[in-house]
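Structure data follow from run31.txt (compact mmCIF, C-alpha atoms):
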# COMPACT_ATOMS: atom_id res chain seq x y z
CA MET A 17 -6.92 -29.69 -75.19
CA THR A 18 -6.46 -30.13 -78.93
CA ALA A 19 -5.13 -33.55 -79.93
CA THR A 20 -4.33 -35.13 -83.25
CA ILE A 21 -5.15 -38.68 -84.27
CA SER A 22 -2.00 -40.66 -85.03
CA ALA A 23 -1.33 -44.21 -86.13
CA PHE A 24 -1.35 -47.09 -83.67
CA SER A 25 0.74 -50.25 -83.74
CA PRO A 26 -0.21 -52.76 -86.45
CA VAL A 27 -0.05 -55.51 -83.82
CA PHE A 28 -3.62 -54.69 -82.78
CA ASP A 29 -5.00 -55.42 -86.24
CA ARG A 30 -2.63 -58.34 -86.77
CA VAL A 31 -3.23 -60.18 -83.48
CA GLU A 32 -6.25 -58.85 -81.57
CA SER A 33 -9.79 -60.06 -82.32
CA GLN A 34 -12.10 -57.91 -84.42
CA VAL A 35 -14.55 -57.94 -81.49
CA ARG A 36 -12.88 -54.88 -79.97
CA SER A 37 -15.04 -51.74 -80.00
CA TYR A 38 -13.89 -48.72 -77.98
CA SER A 39 -10.52 -48.66 -79.70
CA ARG A 40 -12.37 -48.05 -82.97
CA SER A 41 -13.86 -44.85 -81.56
CA PHE A 42 -10.60 -43.77 -79.94
CA PRO A 43 -7.77 -45.02 -82.22
CA LYS A 44 -4.89 -44.00 -79.99
CA THR A 45 -2.51 -45.95 -77.78
CA PHE A 46 -2.76 -44.68 -74.21
CA GLY A 47 0.03 -45.15 -71.70
CA LYS A 48 -0.70 -43.06 -68.62
CA ALA A 49 -3.67 -41.71 -66.69
CA GLN A 50 -4.30 -39.52 -63.68
CA GLY A 51 -7.58 -38.21 -62.31
CA ALA A 52 -9.83 -37.42 -65.27
CA THR A 53 -6.99 -37.32 -67.82
CA LEU A 54 -5.60 -39.95 -70.19
CA TYR A 55 -2.29 -39.48 -72.00
CA ASP A 56 -1.38 -41.14 -75.28
CA GLN A 57 2.08 -42.34 -76.26
CA SER A 58 3.01 -38.91 -77.58
CA GLY A 59 2.04 -37.25 -74.32
CA ALA A 60 -1.15 -35.64 -75.64
CA ALA A 61 -3.78 -35.23 -72.92
CA TYR A 62 -7.43 -36.29 -73.21
CA THR A 63 -10.19 -35.51 -70.74
CA ASP A 64 -12.02 -38.72 -69.92
CA PHE A 65 -15.82 -38.46 -70.00
CA LEU A 66 -16.11 -42.24 -70.39
CA ALA A 67 -14.33 -43.39 -67.20
CA GLY A 68 -14.38 -47.05 -68.15
CA CYS A 69 -18.18 -46.92 -68.55
CA SER A 70 -18.45 -45.84 -64.91
CA THR A 71 -15.70 -48.19 -63.72
CA LEU A 72 -13.53 -45.23 -62.67
CA ASN A 73 -15.94 -43.13 -60.63
CA TYR A 74 -13.03 -42.02 -58.46
CA GLY A 75 -10.80 -41.26 -61.43
CA HIS A 76 -7.61 -42.85 -62.68
CA ASN A 77 -4.96 -43.79 -60.12
CA ASP A 78 -6.38 -42.02 -57.08
CA PRO A 79 -3.26 -41.41 -54.96
CA ASP A 80 -4.67 -42.83 -51.72
CA LEU A 81 -6.05 -45.96 -53.37
CA LYS A 82 -2.80 -46.42 -55.27
CA ALA A 83 -0.75 -46.04 -52.08
CA ALA A 84 -2.87 -48.62 -50.27
CA LEU A 85 -2.37 -51.11 -53.10
CA VAL A 86 1.36 -50.45 -53.45
CA ASP A 87 1.86 -50.91 -49.70
CA TYR A 88 -0.12 -54.16 -49.75
CA ILE A 89 1.86 -55.55 -52.68
CA ALA A 90 5.17 -54.44 -51.15
CA ALA A 91 4.28 -56.36 -47.99
CA ASP A 92 3.67 -59.55 -50.02
CA GLY A 93 -0.07 -59.45 -49.34
CA ILE A 94 -2.20 -62.27 -50.71
CA ALA A 95 -3.09 -61.53 -54.34
CA HIS A 96 -5.35 -64.48 -55.11
CA GLY A 97 -7.22 -66.39 -52.47
CA LEU A 98 -10.21 -68.16 -54.04
CA ASP A 99 -12.78 -67.70 -51.25
CA MET A 100 -10.37 -68.30 -48.36
CA PHE A 101 -10.30 -65.95 -45.40
CA THR A 102 -7.71 -63.18 -45.85
CA ASP A 103 -6.99 -60.00 -43.97
CA ALA A 104 -7.82 -57.98 -47.10
CA LYS A 105 -11.26 -59.61 -47.39
CA GLN A 106 -11.87 -59.16 -43.67
CA ALA A 107 -11.06 -55.46 -43.87
CA PHE A 108 -13.39 -55.01 -46.84
CA LEU A 109 -16.29 -56.85 -45.20
CA GLU A 110 -15.89 -54.91 -41.95
CA THR A 111 -15.68 -51.58 -43.78
CA PHE A 112 -18.62 -52.31 -46.07
CA GLU A 113 -20.75 -53.35 -43.10
CA ARG A 114 -19.75 -50.33 -40.99
CA VAL A 115 -19.74 -47.57 -43.62
CA VAL A 116 -22.28 -48.74 -46.21
CA LEU A 117 -24.79 -51.15 -44.70
CA LYS A 118 -25.33 -50.15 -41.08
CA PRO A 119 -25.84 -46.39 -41.60
CA ARG A 120 -28.49 -47.24 -44.22
CA GLY A 121 -30.21 -49.84 -42.05
CA MET A 122 -29.48 -52.56 -44.62
CA ASP A 123 -29.05 -56.25 -43.80
CA TYR A 124 -27.47 -58.26 -46.61
CA LYS A 125 -25.09 -61.15 -47.12
CA LEU A 126 -22.27 -60.43 -49.58
CA GLN A 127 -21.46 -63.00 -52.24
CA PHE A 128 -18.20 -62.57 -54.12
CA THR A 129 -18.81 -63.80 -57.64
CA GLY A 130 -16.52 -63.84 -60.66
CA PRO A 131 -14.98 -60.43 -61.37
CA THR A 132 -17.48 -58.90 -63.81
CA GLY A 133 -20.94 -57.41 -63.56
CA ALA A 134 -22.29 -60.21 -65.72
CA ASN A 135 -21.03 -62.70 -63.11
CA ALA A 136 -22.96 -60.85 -60.41
CA VAL A 137 -26.13 -60.92 -62.53
CA GLU A 138 -25.72 -64.62 -63.32
CA ALA A 139 -25.47 -65.34 -59.60
CA ALA A 140 -28.52 -63.18 -58.84
CA ILE A 141 -30.67 -64.88 -61.45
CA LYS A 142 -29.50 -68.34 -60.45
CA LEU A 143 -30.17 -67.64 -56.77
CA ALA A 144 -33.65 -66.25 -57.47
CA ARG A 145 -34.54 -69.41 -59.35
CA LYS A 146 -33.21 -71.55 -56.52
CA VAL A 147 -35.09 -69.60 -53.84
CA THR A 148 -38.45 -69.56 -55.64
CA GLY A 149 -38.31 -72.82 -57.57
CA ARG A 150 -39.39 -70.89 -60.66
CA ASN A 151 -37.60 -70.25 -63.94
CA ASN A 152 -38.99 -67.07 -65.50
CA ILE A 153 -37.19 -63.74 -65.03
CA VAL A 154 -38.93 -60.47 -65.89
CA ALA A 155 -36.54 -57.94 -67.45
CA PHE A 156 -37.24 -54.65 -69.19
CA THR A 157 -37.02 -53.08 -72.61
CA ASN A 158 -33.63 -51.40 -73.20
CA GLY A 159 -32.16 -53.15 -70.18
CA PHE A 160 -28.53 -54.26 -70.22
CA HIS A 161 -27.27 -56.85 -67.74
CA GLY A 162 -24.27 -58.45 -69.45
CA VAL A 163 -23.40 -60.71 -72.36
CA THR A 164 -22.94 -64.13 -70.76
CA LEU A 165 -25.92 -66.31 -71.65
CA GLY A 166 -28.07 -65.88 -68.53
CA ALA A 167 -27.43 -62.15 -68.26
CA LEU A 168 -27.75 -61.79 -72.03
CA ALA A 169 -31.22 -63.34 -71.95
CA ALA A 170 -32.21 -60.43 -69.69
CA THR A 171 -30.49 -57.89 -71.96
CA GLY A 172 -32.61 -56.18 -74.59
CA ASN A 173 -30.03 -55.06 -77.16
CA ALA A 174 -30.53 -57.01 -80.41
CA GLY A 175 -26.91 -56.78 -81.53
CA HIS A 176 -25.64 -58.34 -78.33
CA ARG A 177 -28.38 -60.95 -78.30
CA GLN A 178 -27.61 -62.05 -81.86
CA GLY A 179 -24.05 -62.76 -80.79
CA ALA A 180 -25.25 -65.60 -78.58
CA GLY A 181 -25.76 -67.95 -81.50
CA THR A 182 -28.35 -69.88 -79.52
CA PRO A 183 -31.90 -69.26 -78.29
CA LEU A 184 -32.06 -67.12 -75.15
CA SER A 185 -34.82 -68.35 -72.89
CA GLY A 186 -36.18 -68.01 -69.38
CA VAL A 187 -36.90 -64.26 -69.60
CA SER A 188 -40.12 -62.33 -70.25
CA ARG A 189 -39.75 -58.74 -71.47
CA ALA A 190 -41.77 -55.94 -69.90
CA ALA A 191 -41.91 -52.25 -70.81
CA PHE A 192 -39.66 -49.91 -68.82
CA ASP A 193 -40.96 -46.72 -67.26
CA GLY A 194 -42.07 -44.32 -70.01
CA TYR A 195 -41.51 -46.78 -72.83
CA PHE A 196 -44.90 -46.00 -74.38
CA GLY A 197 -44.89 -42.36 -73.31
CA PRO A 198 -45.93 -40.60 -70.11
CA GLU A 199 -49.63 -41.45 -70.42
CA ILE A 200 -49.21 -45.21 -70.10
CA ASP A 201 -48.29 -46.77 -66.76
CA THR A 202 -46.17 -49.76 -67.71
CA ALA A 203 -46.12 -51.01 -64.11
CA ASP A 204 -49.90 -51.44 -64.25
CA MET A 205 -49.48 -53.26 -67.57
CA LEU A 206 -47.01 -55.71 -66.03
CA ASP A 207 -49.24 -56.31 -63.02
CA LYS A 208 -52.19 -57.08 -65.28
CA GLN A 209 -50.12 -59.51 -67.35
CA LEU A 210 -48.85 -61.32 -64.26
CA SER A 211 -52.36 -61.44 -62.81
CA ASP A 212 -53.91 -62.90 -65.97
CA PRO A 213 -53.40 -66.69 -66.20
CA SER A 214 -53.85 -66.45 -69.98
CA SER A 215 -51.35 -63.63 -70.59
CA GLY A 216 -48.55 -66.02 -71.45
CA PHE A 217 -46.35 -64.77 -68.59
CA ASP A 218 -45.11 -67.62 -66.45
CA ALA A 219 -44.96 -66.88 -62.71
CA PRO A 220 -41.60 -65.11 -62.26
CA ALA A 221 -38.69 -66.02 -60.05
CA ALA A 222 -37.56 -62.41 -60.09
CA ILE A 223 -37.98 -59.00 -61.62
CA ILE A 224 -34.64 -57.37 -62.46
CA VAL A 225 -34.36 -53.64 -63.13
CA GLU A 226 -31.85 -50.82 -63.49
CA THR A 227 -32.95 -47.56 -61.89
CA VAL A 228 -31.15 -45.75 -64.74
CA GLN A 229 -30.51 -47.74 -67.90
CA GLY A 230 -26.86 -47.04 -68.62
CA GLU A 231 -26.49 -48.71 -72.00
CA GLY A 232 -30.16 -48.47 -72.96
CA GLY A 233 -30.25 -44.69 -73.36
CA LEU A 234 -30.00 -43.24 -69.84
CA ASN A 235 -33.68 -43.87 -69.19
CA ALA A 236 -34.31 -42.96 -65.54
CA ALA A 237 -37.18 -44.69 -63.76
CA SER A 238 -39.22 -42.63 -61.34
CA PRO A 239 -39.23 -43.62 -57.65
CA GLU A 240 -42.99 -44.11 -57.86
CA TRP A 241 -42.69 -46.56 -60.76
CA LEU A 242 -39.89 -48.48 -59.04
CA ARG A 243 -41.93 -48.79 -55.86
CA LYS A 244 -44.82 -50.19 -57.91
CA ILE A 245 -42.50 -52.73 -59.56
CA GLU A 246 -41.23 -53.88 -56.17
CA ALA A 247 -44.80 -54.20 -54.90
CA ILE A 248 -45.70 -56.23 -58.00
CA ALA A 249 -42.77 -58.57 -57.33
CA ARG A 250 -43.96 -59.06 -53.74
CA ARG A 251 -47.57 -59.61 -54.82
CA HIS A 252 -46.61 -62.30 -57.32
CA GLY A 253 -44.06 -64.13 -55.18
CA ALA A 254 -41.00 -62.95 -57.11
CA LEU A 255 -37.71 -61.55 -55.84
CA PHE A 256 -36.94 -57.92 -56.59
CA ILE A 257 -33.44 -57.44 -58.05
CA VAL A 258 -31.81 -54.03 -58.58
CA ASP A 259 -28.88 -54.07 -61.01
CA ASP A 260 -26.70 -51.27 -59.63
CA ILE A 261 -23.59 -52.16 -61.59
CA GLN A 262 -23.35 -48.90 -63.56
CA ALA A 263 -25.67 -46.60 -61.60
CA GLY A 264 -24.20 -47.39 -58.17
CA CYS A 265 -21.07 -46.27 -56.28
CA GLY A 266 -22.11 -42.63 -56.43
CA ARG A 267 -22.81 -42.32 -60.14
CA THR A 268 -26.38 -41.14 -59.54
CA GLY A 269 -25.45 -39.27 -56.34
CA SER A 270 -25.66 -41.81 -53.49
CA PHE A 271 -23.77 -45.05 -52.92
CA PHE A 272 -26.78 -47.06 -54.10
CA SER A 273 -28.81 -45.54 -56.90
CA PHE A 274 -32.11 -46.26 -55.15
CA GLU A 275 -31.45 -44.61 -51.79
CA LYS A 276 -34.32 -42.51 -50.36
CA MET A 277 -36.74 -44.12 -52.83
CA GLY A 278 -38.33 -46.42 -50.27
CA LEU A 279 -37.03 -49.58 -51.95
CA ASP A 280 -35.83 -52.75 -50.23
CA PRO A 281 -34.42 -55.09 -52.91
CA ASP A 282 -34.07 -58.79 -52.25
CA ILE A 283 -30.87 -58.84 -54.32
CA ILE A 284 -28.50 -56.08 -55.48
CA THR A 285 -25.76 -56.54 -58.05
CA MET A 286 -22.64 -54.36 -58.04
CA ALA A 287 -19.35 -54.23 -59.99
CA LYS A 288 -17.59 -51.56 -62.13
CA SER A 289 -16.49 -48.88 -59.60
CA LEU A 290 -16.80 -51.17 -56.58
CA SER A 291 -13.03 -51.78 -56.46
CA GLY A 292 -12.46 -48.04 -56.68
CA MET A 293 -9.55 -48.31 -59.07
CA GLY A 294 -10.66 -50.31 -62.07
CA LEU A 295 -9.64 -53.67 -60.66
CA PRO A 296 -12.05 -56.53 -61.46
CA MET A 297 -14.51 -57.08 -58.64
CA ALA A 298 -18.21 -57.89 -58.48
CA LEU A 299 -20.65 -58.45 -55.68
CA THR A 300 -24.13 -59.92 -55.29
CA LEU A 301 -25.91 -58.77 -52.14
CA CYS A 302 -28.85 -60.83 -50.94
CA LYS A 303 -31.16 -60.80 -47.96
CA PRO A 304 -29.96 -63.35 -45.37
CA ALA A 305 -33.13 -65.42 -45.78
CA HIS A 306 -32.26 -65.95 -49.45
CA ASP A 307 -28.68 -67.08 -48.81
CA ILE A 308 -29.46 -70.76 -49.35
CA TRP A 309 -26.46 -71.73 -51.48
CA GLU A 310 -24.77 -75.03 -50.76
CA PRO A 311 -20.98 -74.68 -50.34
CA ALA A 312 -19.36 -74.17 -53.78
CA GLU A 313 -22.73 -74.44 -55.52
CA HIS A 314 -21.90 -71.19 -57.31
CA ASN A 315 -18.23 -70.35 -57.45
CA GLY A 316 -15.44 -68.97 -59.61
CA THR A 317 -11.66 -68.99 -59.57
CA PHE A 318 -11.30 -65.20 -59.48
CA ARG A 319 -13.84 -64.34 -56.78
CA GLY A 320 -11.04 -63.55 -54.33
CA ASN A 321 -9.21 -60.58 -55.92
CA ASN A 322 -7.50 -59.31 -52.79
CA HIS A 323 -5.94 -56.36 -54.60
CA ALA A 324 -9.49 -55.22 -55.38
CA PHE A 325 -10.50 -55.75 -51.75
CA VAL A 326 -7.68 -53.41 -50.69
CA THR A 327 -8.60 -50.60 -53.06
CA ALA A 328 -12.35 -51.03 -52.45
CA THR A 329 -11.78 -50.69 -48.72
CA ALA A 330 -9.68 -47.57 -49.25
CA ALA A 331 -12.31 -46.08 -51.58
CA ILE A 332 -15.18 -46.65 -49.15
CA GLU A 333 -13.18 -45.19 -46.26
CA LYS A 334 -12.07 -42.15 -48.27
CA PHE A 335 -15.26 -41.25 -50.11
CA TRP A 336 -18.16 -42.60 -48.04
CA SER A 337 -17.21 -42.22 -44.37
CA ASP A 338 -19.04 -38.89 -44.23
CA GLY A 339 -21.32 -36.84 -46.49
CA ALA A 340 -18.69 -34.57 -48.05
CA PHE A 341 -18.16 -36.56 -51.24
CA GLU A 342 -21.88 -37.06 -51.82
CA ALA A 343 -22.43 -33.30 -51.45
CA GLU A 344 -19.62 -32.62 -53.92
CA VAL A 345 -21.14 -35.01 -56.46
CA ALA A 346 -24.54 -33.35 -56.05
CA LYS A 347 -22.98 -29.97 -56.81
CA LYS A 348 -21.27 -31.29 -59.94
CA ALA A 349 -24.48 -33.03 -61.01
CA ARG A 350 -26.42 -29.77 -60.81
CA TYR A 351 -23.77 -28.06 -62.92
CA LEU A 352 -23.92 -30.89 -65.46
CA GLU A 353 -27.70 -30.68 -65.62
CA ASP A 354 -27.53 -26.93 -66.25
CA ARG A 355 -24.86 -27.22 -68.96
CA LEU A 356 -26.44 -30.15 -70.80
CA GLY A 357 -29.89 -28.68 -70.39
CA ALA A 358 -28.77 -25.50 -72.14
CA ILE A 359 -27.24 -27.45 -75.03
CA ALA A 360 -30.33 -29.63 -75.37
CA ALA A 361 -32.61 -26.59 -75.37
CA THR A 362 -30.53 -24.94 -78.09
CA TYR A 363 -31.24 -27.80 -80.49
CA GLY A 364 -34.62 -28.99 -79.26
CA PHE A 365 -33.15 -32.19 -77.81
CA THR A 366 -34.02 -34.07 -74.62
CA LEU A 367 -31.92 -34.39 -71.49
CA ARG A 368 -31.63 -37.94 -70.15
CA GLY A 369 -30.44 -39.64 -66.97
CA ARG A 370 -29.85 -38.63 -63.37
CA GLY A 371 -26.98 -37.37 -61.21
CA MET A 372 -23.64 -37.63 -63.01
CA MET A 373 -25.10 -40.25 -65.32
CA ARG A 374 -26.44 -37.84 -67.92
CA GLY A 375 -26.72 -37.41 -71.65
CA ILE A 376 -28.48 -35.69 -74.52
CA ASP A 377 -30.78 -37.58 -76.87
CA THR A 378 -29.86 -36.27 -80.33
CA GLY A 379 -32.49 -38.34 -82.11
CA THR A 380 -30.13 -40.32 -84.34
CA GLY A 381 -27.00 -42.38 -83.95
CA ASP A 382 -25.32 -40.60 -86.86
CA VAL A 383 -25.58 -37.22 -85.15
CA ALA A 384 -24.44 -38.54 -81.77
CA GLU A 385 -21.48 -40.34 -83.35
CA ALA A 386 -20.44 -37.22 -85.26
CA ILE A 387 -20.53 -35.19 -82.04
CA CYS A 388 -18.38 -37.76 -80.23
CA ARG A 389 -15.86 -37.75 -83.09
CA ALA A 390 -15.70 -33.95 -82.97
CA CYS A 391 -15.07 -34.16 -79.21
CA PHE A 392 -12.23 -36.64 -79.69
CA ARG A 393 -10.53 -34.36 -82.20
CA GLN A 394 -10.47 -31.74 -79.45
CA GLY A 395 -9.14 -34.07 -76.76
CA LEU A 396 -12.37 -35.24 -75.12
CA ILE A 397 -13.26 -38.93 -74.82
CA ILE A 398 -17.01 -39.48 -74.77
CA GLU A 399 -19.33 -42.19 -76.06
CA THR A 400 -22.93 -42.89 -77.03
CA SER A 401 -25.79 -44.88 -75.52
CA GLY A 402 -29.28 -45.98 -76.50
CA ALA A 403 -31.03 -48.41 -78.82
CA HIS A 404 -29.72 -46.51 -81.85
CA ASP A 405 -26.64 -44.99 -80.14
CA GLU A 406 -28.54 -41.71 -80.23
CA VAL A 407 -27.62 -40.41 -76.77
CA VAL A 408 -24.34 -38.54 -76.17
CA LYS A 409 -23.48 -39.89 -72.73
CA VAL A 410 -21.41 -38.12 -70.07
CA LEU A 411 -19.74 -40.43 -67.52
CA ALA A 412 -16.90 -38.28 -66.19
CA PRO A 413 -15.09 -39.33 -63.01
CA LEU A 414 -17.02 -38.07 -59.99
CA THR A 415 -13.76 -36.61 -58.68
CA ILE A 416 -13.06 -34.40 -61.70
CA HIS A 417 -11.84 -30.91 -60.78
CA GLN A 418 -14.26 -28.10 -61.56
CA ARG A 419 -11.95 -26.35 -64.02
CA GLN A 420 -11.48 -29.50 -66.10
CA TRP A 421 -15.19 -30.30 -65.69
CA ALA A 422 -16.13 -26.93 -67.17
CA ALA A 423 -13.51 -27.12 -69.93
CA GLY A 424 -14.65 -30.58 -70.99
CA LEU A 425 -18.25 -29.45 -71.19
CA ASP A 426 -17.09 -26.44 -73.22
CA VAL A 427 -15.60 -28.87 -75.74
CA LEU A 428 -18.83 -30.86 -75.78
CA GLU A 429 -20.84 -27.69 -76.43
CA MET A 430 -18.50 -26.67 -79.25
CA ALA A 431 -18.85 -30.16 -80.78
CA PHE A 432 -22.63 -29.79 -80.85
CA ASP A 433 -22.19 -26.40 -82.52
CA GLU A 434 -19.73 -27.84 -85.03
CA VAL A 435 -22.03 -30.68 -86.04
CA LEU A 436 -25.39 -28.91 -85.68
CA GLY A 437 -24.60 -25.20 -85.80
CA GLY A 438 -26.98 -24.58 -88.69
CA HIS A 439 -29.88 -26.40 -87.08
CA ARG A 440 -30.61 -24.49 -83.89
CA VAL A 441 -34.15 -24.22 -82.60
CA ALA A 442 -35.50 -20.81 -83.51
CA ALA A 443 -35.86 -18.43 -80.55
CA GLU A 444 -39.45 -17.78 -79.55
Structure encoded using structure tokens:
Amino acid sequence: MTATISAFSPVFDRVESQVRSYSRSFPKTFGKAQGATLYDQSGAAYTDFLAGCSTLNYGHNDPDLKAALVDYIAADGIAHGLDMFTDAKQAFLETFERVVLKPRGMDYKLQFTGPTGANAVEAAIKLARKVTGRNNIVAFTNGFHGVTLGALAATGNAGHRQGAGTPLSGVSRAAFDGYFGPEIDTADMLDKQLSDPSSGFDAPAAIIVETVQGEGGLNAASPEWLRKIEAIARRHGALFIVDDIQAGCGRTGSFFSFEKMGLDPDIITMAKSLSGMGLPMALTLCKPAHDIWEPAEHNGTFRGNNHAFVTATAAIEKFWSDGAFEAEVAKKARYLEDRLGAIAATYGFTLRGRGMMRGIDTGTGDVAEAICRACFRQGLIIETSGAHDEVVKVLAPLTIHQRQWAAGLDVLEMAFDEVLGGHRVAAE
């Protein structure tokens, strides 16, 4: 798996904006990908534990998804259709209803927004305000919902927020589960603030939450806490929004990250792996009673990516028509928990996350960054998460083969040893 870092074309520095980020961590030019492997221009192979920040849950270029798309293109299928009726959209809606919604007893209308997760969040927030006639949105510490202005107002990260260049309003910040430690119930705190007319909290239109905070440090909320937050939303006349953009599509084990938790969100946002193949596609699901949009009141030119409809349909049919894939993910998640748990215990660190959305809190961004650099030198692509980039975050494709899964985690373990080998926790 060993790879060497080589130069990349000067055109990137000469022409592309300095805003780019991932290419700074992985300064290679990649030209091919299959499954959980990326290949650079020289042919060197890299195991992908980033997977497009959970955009490639089914890996790179899944052969069945690729074949469905190639066949559709070869037949001159509609590529762009605004929100017109197309056979590709029809097939997706029918499949989503039959495979995803009905078996789970869920009744939602599907709104195709612009192609990114931020677009889905913007639509969710805008709809909640329209439904309730209120302005305030309650979001949580360390939450990440996007970097367009409405979604950014709900995002906690200071670096992203400073990039707005304008005041970000309309959002009140509440403490996420465990933010003040296990002894303090932050749901009770929020309820008290919303119940107190002098707390300074305006009556909310919605409460938006991630069940696992992907960019905020892999903080996983407990089912009990989430149920309390939903009950608080109901009690105070607010809509309950679950942002499932990164945690959904199997990343935490089930199609939706909140399954079997007893939750019934008013609105769900999805994107990233929804298309199944990395094609831009986002979705805002809302209860039928809340679907009060006027025609074209919220729209977007690229809300009809029919290529994404084709691959999304193929992905749902292939991976979610029965329980086999979910069982496979659960097995890999247990293996990941065991492997990361052993590394964390060696150095006195904390394991974070849930399912195949896991990481190790190293305590500092410098340590986590050094570990990720050591991984890249050995052909493993992995990134950090958290308020200080302190969490080494594993987001491998859910379809990764066990041998490559184990080998990649071997590299990760060796990187921890390389960076921290002299600082192990003493055996008791």
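For segment 248-265 of chain A, the set of protein, DNA and RNA residues having any atom at most 6 Å away, when counting all atoms listed in the file and skipping those fewer than 3 positions along the same chain, is Ser70, Pro220, Ala221, Ala222, Ile223, Ile224, Val225, Glu226, Ile245, Thr268, Phe271, Phe272, Ser273, Pro281, Asp282, Ile283, Ile284, Thr285, Met286 and Ala287 of chain A.
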Emit the selected residues as a PDB file, in the frame of the given file, including C-alpha atoms.
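Now in again_27.pdb:
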ATOM      1  CA  SER A  70     -18.450 -45.840 -64.910  1.00  0.00           C
ATOM      2  CA  PRO A 220     -41.600 -65.110 -62.260  1.00  0.00           C
ATOM      3  CA  ALA A 221     -38.690 -66.020 -60.050  1.00  0.00           C
ATOM      4  CA  ALA A 222     -37.560 -62.410 -60.090  1.00  0.00           C
ATOM      5  CA  ILE A 223     -37.980 -59.000 -61.620  1.00  0.00           C
ATOM      6  CA  ILE A 224     -34.640 -57.370 -62.460  1.00  0.00           C
ATOM      7  CA  VAL A 225     -34.360 -53.640 -63.130  1.00  0.00           C
ATOM      8  CA  GLU A 226     -31.850 -50.820 -63.490  1.00  0.00           C
ATOM      9  CA  ILE A 245     -42.500 -52.730 -59.560  1.00  0.00           C
ATOM     10  CA  THR A 268     -26.380 -41.140 -59.540  1.00  0.00           C
ATOM     11  CA  PHE A 271     -23.770 -45.050 -52.920  1.00  0.00           C
ATOM     12  CA  PHE A 272     -26.780 -47.060 -54.100  1.00  0.00           C
ATOM     13  CA  SER A 273     -28.810 -45.540 -56.900  1.00  0.00           C
ATOM     14  CA  PRO A 281     -34.420 -55.090 -52.910  1.00  0.00           C
ATOM     15  CA  ASP A 282     -34.070 -58.790 -52.250  1.00  0.00           C
ATOM     16  CA  ILE A 283     -30.870 -58.840 -54.320  1.00  0.00           C
ATOM     17  CA  ILE A 284     -28.500 -56.080 -55.480  1.00  0.00           C
ATOM     18  CA  THR A 285     -25.760 -56.540 -58.050  1.00  0.00           C
ATOM     19  CA  MET A 286     -22.640 -54.360 -58.040  1.00  0.00           C
ATOM     20  CA  ALA A 287     -19.350 -54.230 -59.990  1.00  0.00           C
TER      21      ALA A 287
END
TODO: Could you tell me how far atom CA of Ser289 of chain A lies from atom CA of Asp99 of chain A, in Å and to one decimal?
DONE: 20.9 Å
Coordinates of box centre and edge lengths for segment 168-186 of chain A, 3 Å on every side, axis-aligned, as AutoDock Vina command-line options:
--center_x -30.1 --center_y -62.5 --center_z -75.6 --size_x 18.1 --size_y 20.8 --size_z 18.5
- [ ] State, in Å with one decimal place, the distance from atom CA of Pro413 of chain A to atom CA of Asp338 of chain A.
- [x] 19.2 Å
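Distance check against Gly269 of chain A using all atoms listed in the file: of A:Gly149, A:Gly369, A:Gly97, A:Gly316, the minimum falls on A:Gly369.
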- [ ] Rank A:Ala423, A:Ala403, A:Val410, A:Ala144 by their smallest atom-to-atom distance to Gly172 of chain A, using only C-alpha atoms, and report the top residue only.
- [x] A:Ala403
TODO: Within 9 Å of Leu109 of chain A, counting all atoms listed in the file, which residues show up once you throw out same-chain ones fewer than 5 positions away? Write them as number ranges by chain, please.
DONE: A: 104, 114, 126, 325, 329
TODO: Find the distance between atom CA of Tyr62 of chain A and atom CA of Ile397 of chain A and write it in Å to one decimal.
DONE: 6.6 Å
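When all atoms listed in the file are used to compute distances to Gly68 of chain A, the closest of the residues A:Gly294, A:Gly278, A:Gly130, A:Pro198 turns out to be A:Gly294.
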Distance query Ala358 of chain A at most 12 Å, all atoms listed in the file, self and fewer than 5 positions along chain excluded, as an mmCIF file with C-alpha atoms, in the frame of the given file:
data_model
loop_
_atom_site.group_PDB
_atom_site.id
_atom_site.type_symbol
_atom_site.label_atom_id
_atom_site.label_comp_id
_atom_site.auth_asym_id
_atom_site.auth_seq_id
_atom_site.Cartn_x
_atom_site.Cartn_y
_atom_site.Cartn_z
ATOM 1 C CA TYR A 351 -23.770 -28.060 -62.920
ATOM 2 C CA LEU A 352 -23.920 -30.890 -65.460
ATOM 3 C CA GLU A 353 -27.700 -30.680 -65.620
ATOM 4 C CA TYR A 363 -31.240 -27.800 -80.490
ATOM 5 C CA GLY A 364 -34.620 -28.990 -79.260
ATOM 6 C CA PHE A 365 -33.150 -32.190 -77.810
ATOM 7 C CA THR A 366 -34.020 -34.070 -74.620
ATOM 8 C CA LEU A 367 -31.920 -34.390 -71.490
ATOM 9 C CA ILE A 376 -28.480 -35.690 -74.520
ATOM 10 C CA LEU A 425 -18.250 -29.450 -71.190
ATOM 11 C CA ASP A 426 -17.090 -26.440 -73.220
ATOM 12 C CA LEU A 428 -18.830 -30.860 -75.780
ATOM 13 C CA GLU A 429 -20.840 -27.690 -76.430
ATOM 14 C CA PHE A 432 -22.630 -29.790 -80.850
ATOM 15 C CA ARG A 440 -30.610 -24.490 -83.890
ATOM 16 C CA VAL A 441 -34.150 -24.220 -82.600
#
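Comparing A:Ser211, A:Thr63, A:Ser185, A:Thr148 by their smallest distance to Val427 of chain A, the closest is A:Thr63 (using all atoms listed in the file).
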Task: Polymer residues at most 9 Å from segment 163-167 of chain A, all atoms listed in the file, same-chain spacing of 3 or more positions, as a ChimeraX atom specification - done: /A:134-135,137-138,141-142,160,170-171,176-177,179-180,182,184-186
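The nearest approach to Ala386 of chain A among the residues A:Val408, A:Tyr74, A:Gln50, A:Arg189, with only C-alpha atoms taken into account, belongs to A:Val408.
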